[in-house]
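Containing CSV, C-alpha atoms: target.csv.
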```csv
chain,number,residue,atom,x,y,z
J,1,MET,CA,-2.6,21.6,-15.2
J,2,ASP,CA,-6.1,20.0,-15.0
J,3,PHE,CA,-6.7,17.9,-11.9
J,4,GLU,CA,-10.3,17.2,-12.6
J,5,PHE,CA,-11.3,13.6,-13.0
J,6,SER,CA,-12.7,12.4,-16.3
J,7,GLU,CA,-16.3,11.2,-16.4
J,8,GLU,CA,-15.1,7.6,-16.3
J,9,GLN,CA,-12.8,8.3,-13.3
J,10,GLN,CA,-15.6,10.1,-11.5
J,11,LEU,CA,-17.9,7.1,-12.1
J,12,LEU,CA,-15.2,4.8,-10.6
J,13,LYS,CA,-14.9,7.1,-7.6
J,14,ASP,CA,-18.6,7.2,-7.0
J,15,SER,CA,-18.9,3.4,-7.4
J,16,ILE,CA,-16.1,2.4,-5.1
J,17,GLU,CA,-17.1,5.0,-2.5
J,18,GLY,CA,-20.7,3.8,-2.7
J,19,LEU,CA,-19.7,0.2,-2.2
J,20,LEU,CA,-17.5,0.9,0.8
J,21,GLY,CA,-19.9,3.3,2.2
J,22,ASP,CA,-22.6,0.6,2.3
J,23,LYS,CA,-20.3,-2.2,3.5
J,24,TYR,CA,-17.8,-0.6,5.8
J,25,ASP,CA,-19.5,1.2,8.7
J,26,PHE,CA,-17.4,1.1,11.9
J,27,GLU,CA,-19.4,-1.7,13.6
J,28,THR,CA,-19.3,-3.9,10.4
J,29,ARG,CA,-15.5,-3.3,10.1
J,30,LYS,CA,-15.0,-4.5,13.7
J,31,LYS,CA,-16.8,-7.8,12.8
J,32,ILE,CA,-14.7,-8.3,9.7
J,33,LEU,CA,-11.6,-7.6,11.7
J,34,ALA,CA,-12.5,-10.2,14.2
J,35,SER,CA,-13.2,-12.9,11.6
J,36,SER,CA,-10.8,-15.7,10.9
J,37,ASP,CA,-9.5,-14.1,7.6
J,38,GLY,CA,-9.5,-10.6,8.9
J,39,TRP,CA,-11.1,-9.4,5.7
J,40,SER,CA,-14.3,-10.0,3.8
J,41,ARG,CA,-14.3,-12.5,0.9
J,42,GLU,CA,-17.8,-11.3,0.1
J,43,ILE,CA,-16.7,-7.8,-0.4
J,44,TRP,CA,-13.7,-9.1,-2.4
J,45,LYS,CA,-16.1,-10.7,-4.9
J,46,GLN,CA,-18.0,-7.4,-5.1
J,47,TYR,CA,-14.7,-5.6,-5.9
J,48,ALA,CA,-14.4,-8.2,-8.8
J,49,GLU,CA,-17.9,-7.5,-10.0
J,50,LEU,CA,-17.2,-3.8,-10.0
J,51,GLY,CA,-14.0,-4.3,-12.0
J,52,VAL,CA,-11.7,-3.1,-9.3
J,53,LEU,CA,-9.6,-6.2,-9.0
J,54,GLY,CA,-8.8,-6.1,-12.7
J,55,LEU,CA,-8.4,-2.3,-12.8
J,56,PRO,CA,-4.8,-2.1,-14.1
J,57,PHE,CA,-4.9,-5.2,-16.3
J,58,SER,CA,-5.6,-5.4,-20.0
J,59,GLU,CA,-9.0,-6.3,-21.3
J,60,ALA,CA,-7.5,-9.6,-22.6
J,61,HIS,CA,-6.8,-10.5,-19.0
J,62,GLY,CA,-10.2,-9.5,-17.6
J,63,GLY,CA,-9.2,-5.9,-16.7
J,64,ILE,CA,-10.2,-2.4,-17.8
J,65,GLU,CA,-6.8,-1.0,-18.5
J,66,GLY,CA,-6.9,1.6,-15.8
J,67,GLY,CA,-3.9,3.7,-15.1
J,68,PRO,CA,-2.2,5.1,-11.9
J,69,VAL,CA,-5.0,7.7,-11.5
J,70,GLU,CA,-7.6,5.0,-11.3
J,71,THR,CA,-5.5,3.1,-8.8
J,72,MET,CA,-5.1,6.3,-6.7
J,73,ILE,CA,-8.9,6.7,-6.7
J,74,VAL,CA,-9.5,3.2,-5.4
J,75,MET,CA,-6.8,3.4,-2.8
J,76,ALA,CA,-8.1,6.7,-1.5
J,77,ALA,CA,-11.6,5.2,-1.1
J,78,MET,CA,-10.1,2.2,0.7
J,79,GLY,CA,-8.1,4.5,3.0
J,80,ASN,CA,-11.1,6.5,3.9
J,81,ALA,CA,-13.1,3.4,4.7
J,82,LEU,CA,-10.2,1.6,6.3
J,83,ALA,CA,-10.9,-1.4,4.1
J,84,LEU,CA,-9.1,-4.6,5.1
J,85,GLU,CA,-9.0,-6.6,1.9
J,86,PRO,CA,-5.6,-7.4,0.4
J,87,TYR,CA,-5.9,-5.1,-2.6
J,88,LEU,CA,-2.4,-3.6,-2.4
J,89,PRO,CA,-0.5,-6.9,-2.1
J,90,THR,CA,-2.6,-8.7,-4.6
J,91,VAL,CA,-3.4,-6.3,-7.4
J,92,VAL,CA,-0.7,-3.6,-7.1
J,93,LEU,CA,2.4,-5.6,-6.0
J,94,ALA,CA,2.1,-9.3,-6.9
J,95,GLY,CA,-0.3,-8.7,-9.8
J,96,GLY,CA,1.6,-5.6,-10.8
J,97,SER,CA,4.9,-7.6,-11.0
J,98,ILE,CA,3.3,-10.0,-13.5
J,99,ARG,CA,1.4,-7.3,-15.4
J,100,ARG,CA,4.5,-5.3,-15.9
J,101,PHE,CA,7.2,-7.9,-16.4
J,102,GLY,CA,5.6,-11.4,-16.6
J,103,SER,CA,5.6,-13.6,-19.7
J,104,ASP,CA,2.4,-14.0,-21.8
J,105,ALA,CA,1.9,-17.4,-20.2
J,106,GLN,CA,2.2,-15.9,-16.7
J,107,LYS,CA,-0.2,-13.1,-17.5
J,108,ASP,CA,-2.7,-15.5,-19.0
J,109,LYS,CA,-2.5,-17.8,-15.9
J,110,TYR,CA,-2.7,-15.3,-13.1
J,111,LEU,CA,-4.2,-12.0,-14.1
J,112,PRO,CA,-7.7,-13.2,-15.2
J,113,GLU,CA,-7.9,-15.2,-11.9
J,114,ILE,CA,-7.0,-12.1,-9.9
J,115,ALA,CA,-9.5,-10.0,-11.8
J,116,ALA,CA,-12.2,-12.5,-11.2
J,117,GLY,CA,-11.5,-12.6,-7.4
J,118,ASN,CA,-10.3,-16.2,-7.4
J,119,LEU,CA,-6.7,-15.6,-6.4
J,120,THR,CA,-5.0,-13.4,-3.9
J,121,GLY,CA,-1.2,-12.8,-3.9
J,122,ALA,CA,1.6,-11.4,-1.9
J,123,PHE,CA,5.0,-9.8,-2.6
J,124,ALA,CA,7.7,-11.3,-0.4
J,125,HIS,CA,10.8,-9.1,-0.4
J,126,THR,CA,11.6,-7.6,3.0
J,127,GLU,CA,14.1,-9.6,5.1
J,128,ARG,CA,15.1,-9.3,8.8
J,129,GLN,CA,18.4,-7.5,8.0
J,130,SER,CA,17.3,-5.5,5.0
J,131,ARG,CA,15.3,-2.7,6.6
J,132,TYR,CA,14.4,-0.5,3.6
J,133,ASP,CA,17.3,-1.4,1.3
J,134,LEU,CA,15.7,-3.2,-1.7
J,135,PHE,CA,19.0,-4.7,-2.8
J,136,ASP,CA,19.8,-6.4,0.6
J,137,VAL,CA,18.6,-10.0,-0.2
J,138,LYS,CA,19.9,-13.1,1.5
J,139,THR,CA,17.3,-15.6,0.2
J,140,THR,CA,18.9,-17.7,-2.5
J,141,ALA,CA,17.7,-19.4,-5.7
J,142,LYS,CA,20.1,-22.1,-6.9
J,143,ALA,CA,19.7,-23.7,-10.3
J,144,ALA,CA,18.7,-27.4,-10.1
J,145,GLY,CA,17.1,-29.8,-12.5
J,146,GLY,CA,16.1,-27.2,-15.0
J,147,GLY,CA,14.5,-25.1,-12.3
J,148,PHE,CA,15.5,-23.5,-9.0
J,149,ILE,CA,15.6,-24.3,-5.3
J,150,LEU,CA,14.7,-21.4,-3.0
J,151,ASP,CA,16.0,-21.1,0.5
J,152,GLY,CA,15.5,-18.2,2.9
J,153,GLN,CA,13.1,-16.2,5.0
J,154,LYS,CA,10.9,-13.2,4.2
J,155,ASN,CA,9.4,-10.9,6.9
J,156,VAL,CA,6.2,-8.8,7.2
J,157,VAL,CA,4.7,-10.1,4.0
J,158,LEU,CA,1.2,-8.5,3.7
J,159,ASN,CA,-1.4,-11.2,3.0
J,160,GLY,CA,1.4,-13.7,3.1
J,161,ASP,CA,-0.5,-16.1,5.4
J,162,GLN,CA,-3.5,-16.3,3.0
J,163,ALA,CA,-2.1,-15.7,-0.4
J,164,ASP,CA,-2.6,-18.3,-3.1
J,165,PHE,CA,0.7,-17.3,-4.8
J,166,ILE,CA,3.7,-15.3,-3.7
J,167,VAL,CA,6.1,-13.2,-5.8
J,168,VAL,CA,9.5,-13.8,-4.2
J,169,THR,CA,12.8,-11.9,-4.6
J,170,ALA,CA,15.9,-14.1,-4.3
J,171,ARG,CA,19.6,-13.9,-5.1
J,172,VAL,CA,20.9,-16.1,-7.9
J,173,SER,CA,24.5,-14.7,-7.8
J,174,GLY,CA,26.7,-12.1,-6.1
J,175,ASN,CA,26.9,-10.9,-2.5
J,176,GLN,CA,24.1,-10.1,-0.1
J,177,ARG,CA,24.0,-6.3,-0.9
J,178,ASP,CA,24.7,-6.4,-4.6
J,179,LYS,CA,22.1,-4.9,-6.9
J,180,ASP,CA,23.1,-7.4,-9.6
J,181,GLY,CA,22.2,-11.0,-9.4
J,182,LEU,CA,18.6,-10.8,-8.2
J,183,GLY,CA,15.6,-12.7,-9.5
J,184,LEU,CA,11.8,-12.6,-9.2
J,185,PHE,CA,10.0,-15.9,-8.8
J,186,ILE,CA,6.3,-16.9,-8.7
J,187,VAL,CA,5.9,-19.5,-5.9
J,188,ASP,CA,2.8,-21.5,-5.2
J,189,ALA,CA,2.0,-20.7,-1.5
J,190,LYS,CA,1.2,-24.3,-0.8
J,191,ALA,CA,4.4,-25.7,-2.4
J,192,GLU,CA,6.4,-28.2,-0.4
J,193,GLY,CA,9.0,-26.3,1.8
J,194,VAL,CA,6.9,-23.1,2.2
J,195,SER,CA,6.0,-22.5,5.8
J,196,ARG,CA,4.0,-19.4,6.9
J,197,ARG,CA,3.4,-17.9,10.3
J,198,GLY,CA,0.6,-15.4,10.1
J,199,TYR,CA,-0.3,-12.6,12.4
J,200,ARG,CA,-2.1,-9.3,12.6
J,201,THR,CA,-0.2,-6.1,12.2
J,202,GLN,CA,-0.7,-3.1,14.5
J,203,ASP,CA,-3.2,-1.6,12.0
J,204,GLY,CA,-5.3,-4.7,11.8
J,205,LEU,CA,-4.0,-6.1,8.4
J,206,SER,CA,-2.8,-9.7,8.0
J,207,ALA,CA,0.9,-10.4,7.4
J,208,ALA,CA,3.3,-13.4,7.7
J,209,GLU,CA,6.8,-14.5,8.2
J,210,ILE,CA,7.5,-17.0,5.4
J,211,GLN,CA,10.2,-19.6,5.4
J,212,PHE,CA,11.4,-21.2,2.1
J,213,SER,CA,13.3,-24.5,2.7
J,214,GLY,CA,14.3,-26.3,-0.5
J,215,VAL,CA,11.3,-24.9,-2.4
J,216,LYS,CA,11.3,-26.1,-6.0
J,217,VAL,CA,10.4,-23.5,-8.6
J,218,ALA,CA,10.1,-24.2,-12.3
J,219,ALA,CA,12.0,-22.2,-14.8
J,220,ASP,CA,8.9,-20.8,-16.4
J,221,GLN,CA,8.0,-19.2,-13.0
J,222,VAL,CA,10.8,-16.7,-13.3
J,223,ILE,CA,9.6,-13.1,-13.9
J,224,GLY,CA,11.8,-11.1,-16.3
J,225,LYS,CA,15.4,-11.6,-16.9
J,226,LEU,CA,17.1,-13.8,-14.4
J,227,GLY,CA,19.8,-11.9,-12.4
J,228,ALA,CA,18.6,-8.5,-13.5
J,229,ALA,CA,15.5,-8.1,-11.4
J,230,TYR,CA,16.6,-5.1,-9.3
J,231,PRO,CA,15.1,-2.4,-11.7
J,232,LEU,CA,11.9,-4.5,-11.7
J,233,ILE,CA,11.8,-4.6,-7.9
J,234,GLU,CA,12.3,-0.8,-7.8
J,235,GLN,CA,9.4,-0.3,-10.2
J,236,VAL,CA,7.0,-2.6,-8.3
J,237,VAL,CA,7.9,-0.8,-5.0
J,238,ASP,CA,7.3,2.6,-6.7
J,239,ASP,CA,3.9,1.3,-7.8
J,240,GLY,CA,3.3,0.4,-4.2
J,241,ILE,CA,4.5,3.8,-2.9
J,242,ALA,CA,2.2,5.7,-5.3
J,243,ALA,CA,-0.7,3.5,-4.2
J,244,LEU,CA,0.0,3.9,-0.5
J,245,CYS,CA,0.1,7.7,-1.0
J,246,GLY,CA,-3.4,7.5,-2.5
J,247,GLU,CA,-4.5,5.5,0.5
J,248,ALA,CA,-3.0,8.0,2.8
J,249,VAL,CA,-4.9,10.8,1.2
J,250,GLY,CA,-8.1,8.9,2.0
J,251,VAL,CA,-7.0,8.4,5.6
J,252,LEU,CA,-6.0,12.0,6.2
J,253,SER,CA,-9.1,13.3,4.6
J,254,ALA,CA,-11.2,11.2,6.9
J,255,LEU,CA,-9.2,12.3,9.9
J,256,THR,CA,-9.6,16.0,9.1
J,257,GLU,CA,-13.3,15.6,8.3
J,258,ALA,CA,-14.0,13.7,11.6
J,259,THR,CA,-12.0,16.2,13.6
J,260,THR,CA,-13.8,19.2,12.0
J,261,ASP,CA,-17.2,17.7,12.7
J,262,TYR,CA,-16.2,17.0,16.3
J,263,LEU,CA,-15.1,20.6,16.9
J,264,ARG,CA,-18.5,21.7,15.6
J,265,THR,CA,-20.5,19.6,17.9
J,266,ARG,CA,-18.4,19.1,21.2
J,267,LYS,CA,-19.3,21.7,23.8
J,268,GLN,CA,-17.2,23.1,26.6
J,269,PHE,CA,-18.1,26.0,28.9
J,270,GLY,CA,-21.4,26.1,27.2
J,271,VAL,CA,-20.1,26.7,23.6
J,272,ASN,CA,-18.8,24.5,20.7
J,273,ILE,CA,-15.1,24.1,21.1
J,274,GLY,CA,-14.8,24.9,17.4
J,275,SER,CA,-15.4,28.5,18.3
J,276,PHE,CA,-12.1,28.7,20.1
J,277,GLN,CA,-9.6,30.4,17.9
J,278,VAL,CA,-6.6,28.3,18.9
J,279,LEU,CA,-8.4,25.1,18.0
J,280,GLN,CA,-9.5,26.6,14.7
J,281,HIS,CA,-5.8,27.3,13.9
J,282,ARG,CA,-4.9,23.7,14.6
J,283,ASN,CA,-7.7,22.5,12.5
J,284,VAL,CA,-6.6,24.6,9.6
J,285,GLU,CA,-3.1,23.4,10.0
J,286,MET,CA,-4.4,19.8,9.7
J,287,LEU,CA,-6.2,20.7,6.5
J,288,ILE,CA,-3.0,22.3,5.0
J,289,ALA,CA,-1.0,19.2,5.9
J,290,ALA,CA,-3.6,17.0,4.3
J,291,GLU,CA,-3.6,19.1,1.1
J,292,GLN,CA,0.2,19.0,0.9
J,293,ALA,CA,0.0,15.2,1.1
J,294,LYS,CA,-2.6,15.2,-1.7
J,295,SER,CA,-0.5,17.5,-3.9
J,296,MET,CA,2.5,15.1,-3.6
J,297,THR,CA,0.3,12.1,-4.2
J,298,PHE,CA,-0.8,13.6,-7.5
J,299,LEU,CA,2.8,14.1,-8.4
J,300,ALA,CA,3.8,10.5,-7.5
J,301,THR,CA,0.8,9.3,-9.4
J,302,MET,CA,1.8,11.1,-12.6
J,303,MET,CA,5.4,10.0,-12.3
J,304,VAL,CA,5.0,6.3,-11.4
J,305,ASN,CA,5.3,5.3,-15.1
J,306,GLU,CA,8.3,7.5,-15.7
J,307,PRO,CA,10.9,5.4,-17.6
J,308,ASP,CA,13.9,7.2,-16.1
J,309,ALA,CA,14.3,5.3,-12.8
J,310,ALA,CA,16.4,8.0,-11.1
J,311,THR,CA,13.8,10.7,-11.7
J,312,ARG,CA,11.0,8.4,-10.7
J,313,ARG,CA,12.6,7.2,-7.5
J,314,LYS,CA,13.4,10.8,-6.5
J,315,THR,CA,9.8,11.8,-6.9
J,316,MET,CA,8.6,8.8,-4.9
J,317,SER,CA,11.0,9.6,-2.1
J,318,ALA,CA,9.8,13.2,-2.0
J,319,ALA,CA,6.1,12.1,-2.0
J,320,LYS,CA,6.8,9.5,0.8
J,321,THR,CA,8.5,12.1,2.9
J,322,GLN,CA,5.6,14.4,2.7
J,323,ILE,CA,3.1,11.6,3.3
J,324,GLY,CA,4.9,10.5,6.4
J,325,ARG,CA,5.2,14.0,7.9
J,326,SER,CA,1.5,14.9,7.1
J,327,ALA,CA,0.3,11.6,8.5
J,328,GLN,CA,2.1,12.2,11.8
J,329,PHE,CA,0.9,15.7,12.2
J,330,VAL,CA,-2.7,15.2,11.1
J,331,GLY,CA,-2.9,12.0,13.2
J,332,GLU,CA,-1.5,13.6,16.3
J,333,GLN,CA,-3.7,16.7,16.0
J,334,ALA,CA,-6.8,14.5,15.5
J,335,ILE,CA,-6.1,12.5,18.6
J,336,GLN,CA,-5.4,15.6,20.7
J,337,LEU,CA,-8.4,17.6,19.5
J,338,HIS,CA,-10.7,14.7,20.3
J,339,GLY,CA,-9.4,14.7,23.8
J,340,GLY,CA,-9.6,11.5,26.0
J,341,ILE,CA,-11.9,9.7,23.7
J,342,GLY,CA,-9.3,10.1,20.9
J,343,MET,CA,-7.1,7.7,22.9
J,344,THR,CA,-9.6,4.8,22.8
J,345,MET,CA,-10.1,2.2,20.1
J,346,GLU,CA,-13.9,2.8,20.4
J,347,LEU,CA,-13.4,5.7,18.0
J,348,LYS,CA,-12.5,5.3,14.4
J,349,VAL,CA,-9.9,8.2,14.7
J,350,GLY,CA,-7.5,5.9,16.5
J,351,HIS,CA,-7.8,3.3,13.7
J,352,TRP,CA,-7.1,5.8,11.0
J,353,PHE,CA,-4.1,7.0,12.9
J,354,LYS,CA,-2.8,3.5,13.2
J,355,ARG,CA,-3.1,2.9,9.4
J,356,ALA,CA,-1.5,6.3,8.7
J,357,THR,CA,1.5,5.3,10.9
J,358,ALA,CA,1.8,1.9,9.1
J,359,ILE,CA,1.7,3.6,5.7
J,360,ASP,CA,4.6,5.9,6.8
J,361,ILE,CA,6.7,2.8,7.7
J,362,GLN,CA,6.0,0.7,4.7
J,363,PHE,CA,8.7,0.9,1.9
J,364,GLY,CA,10.6,3.4,4.0
J,365,ASP,CA,9.6,6.0,6.5
J,366,ALA,CA,9.8,9.8,6.1
J,367,ASP,CA,13.3,10.1,7.6
J,368,TYR,CA,14.6,7.4,5.3
J,369,HIS,CA,13.1,8.9,2.1
J,370,LEU,CA,14.2,12.4,3.1
J,371,GLU,CA,17.8,11.1,3.3
J,372,GLN,CA,17.4,9.3,-0.1
J,373,PHE,CA,15.9,12.4,-1.6
J,374,GLY,CA,18.9,14.4,-0.4
J,375,ASN,CA,21.4,11.8,-1.6
J,376,MET,CA,19.8,12.0,-5.1
J,377,GLY,CA,20.3,15.7,-5.2
J,378,GLY,CA,16.7,16.9,-4.6
J,379,PHE,CA,14.6,18.5,-7.3
J,380,GLU,CA,17.2,21.1,-8.1
J,381,SER,CA,19.5,18.6,-9.7
J,382,ALA,CA,16.7,17.5,-12.0
J,383,ALA,CA,16.1,21.0,-13.0
```
Since I need it in another form, could you write the structure as structure tokens?
Amino acid sequence: MDFEFSEEQQLLKDSIEGLLGDKYDFETRKKILASSDGWSREIWKQYAELGVLGLPFSEAHGGIEGGPVETMIVMAAMGNALALEPYLPTVVLAGGSIRRFGSDAQKDKYLPEIAAGNLTGAFAHTERQSRYDLFDVKTTAKAAGGGFILDGQKNVVLNGDQADFIVVTARVSGNQRDKDGLGLFIVDAKAEGVSRRGYRTQDGLSAAEIQFSGVKVAADQVIGKLGAAYPLIEQVVDDGIAALCGEAVGVLSALTEATTDYLRTRKQFGVNIGSFQVLQHRNVEMLIAAEQAKSMTFLATMMVNEPDAATRRKTMSAAKTQIGRSAQFVGEQAIQLHGGIGMTMELKVGHWFKRATAIDIQFGDADYHLEQFGNMGGFESAA
């Protein structure tokens, strides 16, 4: 199988890496992180000018009709640079929900504005009790006056405090843990009854707890078929997992490269510590773990558009398991091989490790997805 990028994909890779290389040195990132938004609106506009914000959208909606491979390329570059902009929640999750399942009117309204850099979005699904179960939804949407009234709370909503619109999952019928009876709704973030408490996550990103109290949503803001949104939610989350795997590849590549460079330059007992065989072995094991993560990311990327949900979900669980395990191993080795300085936040290594840990947790950690993979019969059942 050919894993070489096409000429257009290589151009995209060079362009996004060039932009982030210029804009995201460590000191500049610190300043962006300390700003009120926690990310750069100037760089967001440059993403738009580069075509990155409209990457997966059709040309009719201001996009360039890129596929999963193009998304992987962008996410890997962002992981390597530790970019802070809300690309995943806006373009992949909220924008992806509308791109895949929205009406023509919804696409016309939101996608061109996202592509132009004028709107950011959020995907509000996780609840306090749900952990990683996508079907566990207590937030309700009750029919009223030709539309719906939303009540409930969503937790750890990335970009939830700054988003212009929010794609919200809510239950229209059934019990709390039923897979049937779910709906997807587009909510104006400034609508009456929406209250947001923003905060910074451990890895420096912005998130929010969002309360919906009697929020009115028009009928034309429903995404897809009402009450049958669970397969849609699975697909959007699988898009997110594939994108996160791409970001993890960038993070792990940066960690291994930084550690290898450190071993070549740090001296102990008058020689470079990279000459010590035991450290060489650990460095090689890091490279192997990073390559395993990359291989599974390629698989997840190729399978993200698989129409058979069971096969797709199984692949995503396998990829997320490997990503989580590789992230833990590579991160721990990078910290240890850097010694005392690796424990400080004055070194970028610690920030990469924080992001790798957050990626493992989002949409289910390695232990959760290993169990899911086993419950689905592993790859042998597919064969």
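Among J:Ala189, J:Lys142, J:Arg266, J:Asp25, the residue with the shortest atom-to-atom distance to Ile341 (chain J), counting all atoms listed in the file, is J:Arg266.
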Next on the checklist: With 10 Å as the threshold, what does the neighbourhood of (-3.2, 13.8, -1.3) contain in terms of residues, counting only C-alpha atoms? Coordinates are those of the file; answer as a PyMOL selection string.
Outcome noted: chain J and resi 72+76+245-253+289-300+319+322-323+326
Next on the checklist: So that I can check the surroundings of Thr321 (chain J), please list as a PyMOL selection string every protein, DNA and RNA residue that reaches within 10 Å of it, counting only C-alpha atoms and ignoring chain neighbours fewer than 2 positions away.
Outcome noted: chain J and resi 293+296+315-319+323-327+360+364-373
Item to check | Close residues, Ser58 (chain J) itself excluded, 12 Å, only C-alpha atoms, min 2 positions apart in chain, as an MDAnalysis selection string | outcome: chainID J and resid 51 53:56 60:67 95:96 98:100 104 107:108 111:112 115
Next on the checklist: Show me, as a ChimeraX atom specification, the residues that have an atom within 7 Å of Leu93 (chain J) when counting all atoms listed in the file, minus same-chain residues fewer than 6 positions from it.
Outcome noted: /J:123,236,240
Checklist entry - Could you state the separation of CA of Thr256 (chain J) and CA of Ala242 (chain J) in Å, given to one decimal place? => result 21.3 Å
Item to check | Spatial neighbours of region 207-220 of chain J, 9 Å, all atoms listed in the file, chain gap at least 3 places, as a PyMOL selection string | outcome: chain J and resi 103+105-106+124+139+141+144-162+185-188+191-201+223
Need to verify the contact set: Asp239 (chain J), 9 Å, only C-alpha atoms, exclusion of same-chain residues closer than 6 positions in sequence. Can you return it as a CSV table (one decimal) with C-alpha atoms, keeping the file's coordinate frame?
```csv
chain,number,residue,atom,x,y,z
J,68,PRO,CA,-2.2,5.1,-11.9
J,92,VAL,CA,-0.7,-3.6,-7.1
J,93,LEU,CA,2.4,-5.6,-6.0
J,96,GLY,CA,1.6,-5.6,-10.8
J,301,THR,CA,0.8,9.3,-9.4
J,304,VAL,CA,5.0,6.3,-11.4
J,305,ASN,CA,5.3,5.3,-15.1
```
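Minimum atom-to-atom distances from J:Asp238, J:Glu85, J:Glu285, J:Asp178 to Lys45 (chain J) were compared using all atoms listed in the file, and the lowest value belongs to J:Glu85.
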Checklist entry - To one decimal place, how far is CA of Leu11 (chain J) from CA of Thr90 (chain J) in Å? => result 23.2 Å
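Straight-line separation from CA of Ile114 (chain J) to CA of Ala48 (chain J): 8.4 Å.
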First collect every listed atom of region 289-293 of chain J; then fit an axis-aligned box around them, widen it by 5 Å on each side, and give centre and edge lengths in Å to one decimal, as lines of an AutoDock Vina configuration file.
```
center_x = -1.7
center_y = 17.2
center_z = 3.4
size_x = 13.8
size_y = 14.0
size_z = 15.0
```
Next on the checklist: From (-9.4, 3.0, -3.1), in the file's coordinates, out to 10 Å: which residues are reached, counting all atoms listed in the file? Answer as a ChimeraX atom specification.
Outcome noted: /J:12-13,16-17,20,52,70-83,87-88,243-244,246-247,249-250
Checklist entry - Given the choices J:Ile233, J:Ile335, J:Val284, J:Leu347, which gets closest to Phe363 (chain J) if the distance is worked out from all atoms listed in the file? => result J:Ile233
Next on the checklist: Ranking J:Arg282, J:Lys314, J:Arg131, J:Lys23 by minimum distance to Gln333 (chain J) and counting only C-alpha atoms, which one comes first?
Outcome noted: J:Arg282
